[in-house]
>>> print(open('upload-v6.txt').read())   # compact mmCIF, C-alpha atoms
# COMPACT_ATOMS: atom_id res chain seq x y z
CA MET A 2 0.00 0.00 0.00
CA LYS A 3 1.24 3.48 -0.84
CA PHE A 4 1.05 5.99 2.04
CA THR A 5 0.72 9.77 2.02
CA PHE A 6 0.96 11.57 5.36
CA THR A 7 -0.23 15.09 6.15
CA GLU A 8 0.14 16.99 9.43
CA LYS A 9 -2.02 19.91 10.53
CA LYS A 10 -0.98 21.99 13.53
CA MET A 11 1.52 19.35 14.63
CA ASP A 12 4.65 17.41 13.70
CA SER A 13 4.43 13.62 13.59
CA SER A 14 7.27 11.39 14.71
CA GLU A 15 8.79 8.54 12.73
CA GLU A 16 7.41 6.14 15.35
CA LEU A 17 3.87 7.42 14.73
CA ARG A 18 4.26 7.03 10.96
CA ALA A 19 5.72 3.52 11.37
CA TYR A 20 2.83 2.58 13.68
CA SER A 21 0.34 3.93 11.11
CA ILE A 22 1.96 1.98 8.28
CA LYS A 23 1.90 -1.20 10.37
CA LYS A 24 -1.77 -0.86 11.42
CA ILE A 25 -3.22 0.47 8.15
CA GLY A 26 -1.08 -1.92 6.09
CA LYS A 27 -3.00 -4.83 7.62
CA LEU A 28 -6.08 -3.69 5.66
CA ASP A 29 -4.21 -4.53 2.45
CA ARG A 30 -5.34 -8.15 2.81
CA PHE A 31 -8.88 -7.11 1.81
CA PHE A 32 -7.81 -5.82 -1.60
CA ARG A 33 -6.58 -7.57 -4.75
CA ASN A 34 -4.70 -4.56 -6.07
CA GLU A 35 -2.34 -2.26 -4.23
CA GLY A 36 -4.22 0.65 -2.72
CA GLU A 37 -3.38 4.15 -1.56
CA ALA A 38 -3.73 5.37 2.01
CA PHE A 39 -3.99 9.07 2.84
CA VAL A 40 -3.44 9.76 6.53
CA THR A 41 -3.90 13.18 8.12
CA PHE A 42 -2.81 13.88 11.69
CA SER A 43 -4.09 16.99 13.46
CA ILE A 44 -4.82 18.40 16.88
CA GLU A 45 -8.21 20.02 17.50
CA ARG A 46 -8.98 21.60 20.87
CA GLY A 47 -6.29 19.54 22.56
CA ARG A 48 -7.54 16.23 21.11
CA HIS A 49 -5.72 14.07 18.57
CA LYS A 50 -7.46 13.48 15.25
CA ALA A 51 -6.51 10.84 12.68
CA GLU A 52 -8.25 10.92 9.30
CA ILE A 53 -7.67 7.82 7.19
CA THR A 54 -8.79 7.51 3.57
CA ILE A 55 -8.06 4.38 1.55
CA HIS A 56 -8.52 4.35 -2.22
CA ASN A 57 -8.54 1.05 -4.03
CA ASN A 58 -9.94 0.25 -7.46
CA GLY A 59 -12.24 3.28 -7.60
CA ILE A 60 -13.73 2.76 -4.12
CA TYR A 61 -12.95 5.06 -1.20
CA TYR A 62 -13.07 4.09 2.47
CA ARG A 63 -12.84 6.89 5.02
CA ALA A 64 -12.71 7.18 8.79
CA SER A 65 -11.98 10.10 11.10
CA GLU A 66 -11.34 9.52 14.79
CA LEU A 67 -10.80 12.05 17.59
CA THR A 68 -9.35 10.79 20.91
CA ASN A 69 -6.93 11.84 23.63
CA ASP A 70 -4.09 9.81 22.08
CA MET A 71 -3.00 9.72 18.43
CA TYR A 72 -2.23 6.00 18.57
CA ALA A 73 -5.77 5.32 19.84
CA SER A 74 -7.16 7.49 17.03
CA ILE A 75 -5.28 5.39 14.47
CA ASP A 76 -6.51 2.15 16.04
CA SER A 77 -10.13 3.39 16.05
CA GLY A 78 -9.87 4.61 12.45
CA VAL A 79 -8.48 1.29 11.21
CA ALA A 80 -11.23 -0.59 13.09
CA ALA A 81 -13.90 1.67 11.55
CA ILE A 82 -12.60 1.09 8.01
CA GLU A 83 -12.41 -2.66 8.62
CA ARG A 84 -16.06 -2.61 9.77
CA GLN A 85 -17.01 -0.70 6.59
CA ILE A 86 -15.25 -3.25 4.42
CA ARG A 87 -16.75 -6.25 6.21
CA ARG A 88 -20.26 -4.73 6.32
CA ASN A 89 -20.22 -3.88 2.63
CA LYS A 90 -18.23 -6.85 1.31
CA THR A 91 -21.26 -8.86 0.21
CA ARG A 92 -22.94 -5.77 -1.22
CA LEU A 93 -19.80 -4.88 -3.12
CA GLU A 94 -19.51 -8.42 -4.52
CA LYS A 95 -23.18 -8.45 -5.59
CA LYS A 96 -23.46 -4.92 -6.96
CA LEU A 97 -20.09 -4.42 -8.54
CA ARG A 98 -19.73 -6.84 -11.39
CA GLU A 99 -16.24 -7.83 -12.46
CA GLY A 100 -14.43 -4.87 -14.00
CA ALA A 101 -17.02 -2.30 -12.91
CA VAL A 102 -14.46 -0.23 -11.05
CA GLU A 103 -11.39 -0.83 -13.19
CA LYS A 104 -11.23 2.80 -14.27
CA GLU A 105 -9.74 4.91 -11.50
CA ILE A 106 -11.70 7.97 -10.41
CA LEU A 107 -9.14 10.54 -9.36
CA PRO A 108 -10.31 14.01 -8.36
CA ALA A 109 -8.27 16.78 -9.90
CA TYR A 110 -8.11 19.86 -7.68
CA GLU A 111 -7.80 23.21 -9.35
CA PRO A 112 -7.45 26.55 -7.60
CA VAL A 113 -10.42 28.82 -8.09
CA GLU A 114 -10.07 32.59 -8.30
CA GLU A 115 -12.47 34.83 -6.40
CA GLU A 116 -14.78 36.66 -8.79
CA ALA A 117 -17.97 37.63 -6.97
CA GLU A 118 -18.38 38.61 -3.34
CA ASP A 119 -21.86 37.15 -2.89
CA PHE A 120 -21.27 33.80 -4.62
CA ARG A 121 -17.72 32.99 -3.65
CA ILE A 122 -16.61 29.42 -4.47
CA VAL A 123 -14.18 28.24 -1.80
CA ARG A 124 -13.40 24.81 -3.22
CA SER A 125 -13.64 23.21 -6.63
CA LYS A 126 -13.28 19.57 -7.65
CA ARG A 127 -13.01 17.88 -11.02
CA PHE A 128 -13.49 14.15 -11.41
CA SER A 129 -14.55 11.60 -13.99
CA ILE A 130 -18.06 10.25 -13.60
CA LYS A 131 -18.57 6.55 -14.30
CA PRO A 132 -21.75 4.72 -15.25
CA MET A 133 -23.38 2.79 -12.40
CA SER A 134 -26.77 1.84 -11.02
CA PRO A 135 -28.43 4.00 -8.35
CA GLU A 136 -27.79 1.22 -5.79
CA GLU A 137 -24.05 1.29 -6.55
CA ALA A 138 -24.09 5.10 -6.24
CA ILE A 139 -25.80 4.89 -2.83
CA LEU A 140 -23.22 2.34 -1.69
CA GLN A 141 -20.34 4.57 -2.85
CA MET A 142 -21.95 7.64 -1.20
CA ASN A 143 -22.25 5.75 2.11
CA LEU A 144 -18.66 4.51 1.92
CA LEU A 145 -17.46 8.09 1.43
CA GLY A 146 -19.75 9.44 4.15
CA HIS A 147 -21.20 12.08 1.82
CA GLU A 148 -24.73 13.49 1.72
CA PHE A 149 -25.03 13.19 -2.09
CA PHE A 150 -23.30 11.48 -5.02
CA VAL A 151 -23.23 12.38 -8.75
CA PHE A 152 -23.07 9.57 -11.31
CA LYS A 153 -24.10 8.43 -14.81
CA ASN A 154 -27.26 6.38 -14.39
CA MET A 155 -27.00 3.06 -16.25
CA ASP A 156 -30.74 2.52 -15.72
CA ALA A 157 -31.56 5.82 -17.47
CA GLU A 158 -29.44 5.77 -20.65
CA GLU A 159 -26.39 7.08 -18.75
CA ALA A 160 -28.08 10.39 -17.90
CA PHE A 161 -26.36 12.43 -15.19
CA SER A 162 -28.07 11.72 -11.88
CA VAL A 163 -27.70 12.49 -8.18
CA VAL A 164 -28.58 10.30 -5.21
CA TYR A 165 -28.92 11.94 -1.79
CA LYS A 166 -29.84 11.18 1.81
CA ARG A 167 -33.27 12.47 2.79
CA LYS A 168 -33.76 14.15 6.18
CA GLN A 169 -36.87 12.01 6.74
CA GLY A 170 -34.85 8.86 6.06
CA GLY A 171 -34.22 6.90 2.91
CA TYR A 172 -32.65 8.16 -0.28
CA GLY A 173 -33.65 10.41 -3.15
CA LEU A 174 -32.78 10.31 -6.85
CA ILE A 175 -32.54 13.34 -9.11
CA CYS A 176 -32.17 12.73 -12.84
CA ASP A 177 -32.62 14.42 -16.19
CA ASP A 178 -36.15 15.83 -16.69
CA GLY A 179 -36.57 14.28 -20.15
CA LEU A 180 -36.32 10.70 -18.88
CA ASN A 181 -39.12 8.50 -17.63
CA LEU A 182 -37.87 6.03 -14.98
CA ASP A 183 -41.28 4.47 -14.15
>>> encode(input="upload-v6.txt", output="structure tokens")
Amino acid sequence: MKFTFTEKKMDSSEELRAYSIKKIGKLDRFFRNEGEAFVTFSIERGRHKAEITIHNNGIYYRASELTNDMYASIDSGVAAIERQIRRNKTRLEKKLREGAVEKEILPAYEPVEEEAEDFRIVRSKRFSIKPMSPEEAILQMNLLGHEFFVFKNMDAEEAFSVVYKRKQGGYGLICDDGLNLD
């Protein structure tokens, strides 16, 4: 597994990095291909925060843990990601047919210049959108911990669609107005 470390408001020791590599590296057994791990260490209000994101074959797993000890935060984050993988393993095997996630989805970050005071964009992302079913999109959204997910809907002639979590529970689907999904 390839590791990328980031520190915010702190300096991490070599021992902490080695511990992270040892613990997070154990998750490699769940993947066929070599994955990437992005680890961010920070201190917020005197508490130690470890954010772990693992990218493998187009799927992202993410955990963020805040404890009194950085080592405990790493342990909790690894345990959370392992639970995500185990909980979704059967769903991933059923929903993602062989080769469905072969194409890597890598976000490309571009700096955005300020133009208007009222409608200031503070962050911009660019990424490729792959065709998938709404169920696969919901699964990917849950794995990322996001509130919505944009995708090309295979069930609707690859129209751009959005799935989102509803406040009342359940999920919603927004798709192109010209399509009839019923």
>>> atom_distance(input="upload-v6.txt", atom1="atom CA of Ser13 of chain A", atom2="atom CA of Lys50 of chain A")
12.0 Å
>>> atom_distance(input="upload-v6.txt", atom1="atom CA of Ile175 of chain A", atom2="atom CA of Val163 of chain A")
5.0 Å
>>> atom_distance(input="upload-v6.txt", atom1="atom CA of Ile60 of chain A", atom2="atom CA of Arg48 of chain A")
29.3 Å
>>> closest_residue(input="upload-v6.txt", among="A:Ala138, A:Ile25, A:Ala51, A:Ile130", to="Val79 of chain A", atoms="all atoms listed in the file")
A:Ile25
>>> closest_residue(input="upload-v6.txt", among="A:Thr41, A:Arg88, A:Ile122, A:Lys153", to="Phe6 of chain A", atoms="only C-alpha atoms")
A:Thr41
>>> closest_residue(input="upload-v6.txt", among="A:Ala160, A:Tyr62, A:Ile75, A:Glu52", to="Lys23 of chain A", atoms="only C-alpha atoms")
A:Ile75
>>> closest_residue(input="upload-v6.txt", among="A:Met2, A:Glu15, A:Thr7, A:His49", to="Phe32 of chain A", atoms="all atoms listed in the file")
A:Met2
>>> closest_residue(input="upload-v6.txt", among="A:Phe42, A:Glu83, A:Phe152, A:Asn89", to="Asp12 of chain A", atoms="only C-alpha atoms")
A:Phe42
>>> closest_residue(input="upload-v6.txt", among="A:Arg46, A:Arg87, A:His147, A:His56", to="Thr68 of chain A", atoms="all atoms listed in the file")
A:Arg46
>>> residues_around(input="upload-v6.txt", residues="Glu159 of chain A", least_positions_apart="5", cutoff="12 Å", atoms="all atoms listed in the file", output="NGL selection string")
:A and (130-135 or 151-154 or 176-177 or 180)
>>> build_atoms(input="upload-v6.txt", residues="segment 131-164 of chain A", atoms="N, CA and C atoms", output="short mmCIF file (atom, residue, chain, number, x, y, z; two decimals), keeping the file's coordinate frame")
data_model
loop_
_atom_site.label_atom_id
_atom_site.label_comp_id
_atom_site.auth_asym_id
_atom_site.auth_seq_id
_atom_site.Cartn_x
_atom_site.Cartn_y
_atom_site.Cartn_z
N LYS A 131 -18.42 7.84 -13.63
CA LYS A 131 -18.57 6.55 -14.30
C LYS A 131 -20.01 6.08 -14.27
N PRO A 132 -20.39 5.28 -15.24
CA PRO A 132 -21.75 4.72 -15.25
C PRO A 132 -21.92 3.69 -14.14
N MET A 133 -23.06 3.75 -13.45
CA MET A 133 -23.38 2.79 -12.40
C MET A 133 -24.87 2.84 -12.14
N SER A 134 -25.36 1.86 -11.40
CA SER A 134 -26.77 1.84 -11.02
C SER A 134 -26.95 2.76 -9.80
N PRO A 135 -28.19 3.18 -9.54
CA PRO A 135 -28.43 4.00 -8.35
C PRO A 135 -28.03 3.29 -7.05
N GLU A 136 -28.19 1.97 -6.99
CA GLU A 136 -27.79 1.22 -5.79
C GLU A 136 -26.28 1.30 -5.57
N GLU A 137 -25.50 1.17 -6.66
CA GLU A 137 -24.05 1.29 -6.55
C GLU A 137 -23.66 2.70 -6.10
N ALA A 138 -24.37 3.72 -6.61
CA ALA A 138 -24.09 5.10 -6.24
C ALA A 138 -24.38 5.33 -4.75
N ILE A 139 -25.47 4.75 -4.25
CA ILE A 139 -25.80 4.89 -2.83
C ILE A 139 -24.73 4.22 -1.98
N LEU A 140 -24.27 3.05 -2.41
CA LEU A 140 -23.22 2.34 -1.69
C LEU A 140 -21.94 3.17 -1.65
N GLN A 141 -21.55 3.75 -2.79
CA GLN A 141 -20.34 4.57 -2.85
C GLN A 141 -20.50 5.83 -1.99
N MET A 142 -21.69 6.45 -2.01
CA MET A 142 -21.95 7.64 -1.20
C MET A 142 -21.80 7.31 0.28
N ASN A 143 -22.34 6.16 0.71
CA ASN A 143 -22.25 5.75 2.11
C ASN A 143 -20.82 5.44 2.50
N LEU A 144 -20.05 4.81 1.62
CA LEU A 144 -18.66 4.51 1.92
C LEU A 144 -17.85 5.79 2.10
N LEU A 145 -18.17 6.82 1.32
CA LEU A 145 -17.46 8.09 1.43
C LEU A 145 -17.97 8.94 2.59
N GLY A 146 -19.17 8.65 3.07
CA GLY A 146 -19.75 9.44 4.15
C GLY A 146 -20.29 10.77 3.66
N HIS A 147 -20.68 10.84 2.40
CA HIS A 147 -21.20 12.08 1.82
C HIS A 147 -22.73 12.12 1.93
N GLU A 148 -23.29 13.30 1.69
CA GLU A 148 -24.73 13.49 1.72
C GLU A 148 -25.35 13.30 0.34
N PHE A 149 -24.55 13.38 -0.73
CA PHE A 149 -25.03 13.19 -2.09
C PHE A 149 -23.91 12.60 -2.94
N PHE A 150 -24.28 12.09 -4.13
CA PHE A 150 -23.30 11.48 -5.02
C PHE A 150 -23.78 11.65 -6.45
N VAL A 151 -22.92 12.15 -7.33
CA VAL A 151 -23.23 12.38 -8.75
C VAL A 151 -22.69 11.20 -9.55
N PHE A 152 -23.49 10.71 -10.51
CA PHE A 152 -23.07 9.57 -11.31
C PHE A 152 -23.83 9.53 -12.63
N LYS A 153 -23.37 8.69 -13.58
CA LYS A 153 -24.10 8.43 -14.81
C LYS A 153 -24.99 7.23 -14.56
N ASN A 154 -26.28 7.41 -14.73
CA ASN A 154 -27.26 6.38 -14.39
C ASN A 154 -27.39 5.36 -15.51
N MET A 155 -26.91 4.13 -15.26
CA MET A 155 -27.00 3.06 -16.25
C MET A 155 -28.45 2.69 -16.54
N ASP A 156 -29.33 2.87 -15.55
CA ASP A 156 -30.74 2.52 -15.72
C ASP A 156 -31.51 3.58 -16.50
N ALA A 157 -30.88 4.72 -16.78
CA ALA A 157 -31.56 5.82 -17.47
C ALA A 157 -30.70 6.33 -18.63
N GLU A 158 -30.22 5.42 -19.45
CA GLU A 158 -29.44 5.77 -20.65
C GLU A 158 -28.25 6.65 -20.33
N GLU A 159 -27.59 6.38 -19.21
CA GLU A 159 -26.39 7.08 -18.75
C GLU A 159 -26.60 8.59 -18.61
N ALA A 160 -27.80 8.99 -18.19
CA ALA A 160 -28.08 10.39 -17.90
C ALA A 160 -27.39 10.75 -16.58
N PHE A 161 -26.95 11.98 -16.44
CA PHE A 161 -26.36 12.43 -15.19
C PHE A 161 -27.44 12.43 -14.11
N SER A 162 -27.11 11.84 -12.96
CA SER A 162 -28.07 11.72 -11.88
C SER A 162 -27.38 12.00 -10.55
N VAL A 163 -28.20 12.25 -9.53
CA VAL A 163 -27.70 12.49 -8.18
C VAL A 163 -28.54 11.67 -7.21
N VAL A 164 -27.88 10.93 -6.32
CA VAL A 164 -28.58 10.30 -5.21
C VAL A 164 -28.22 11.10 -3.96
#
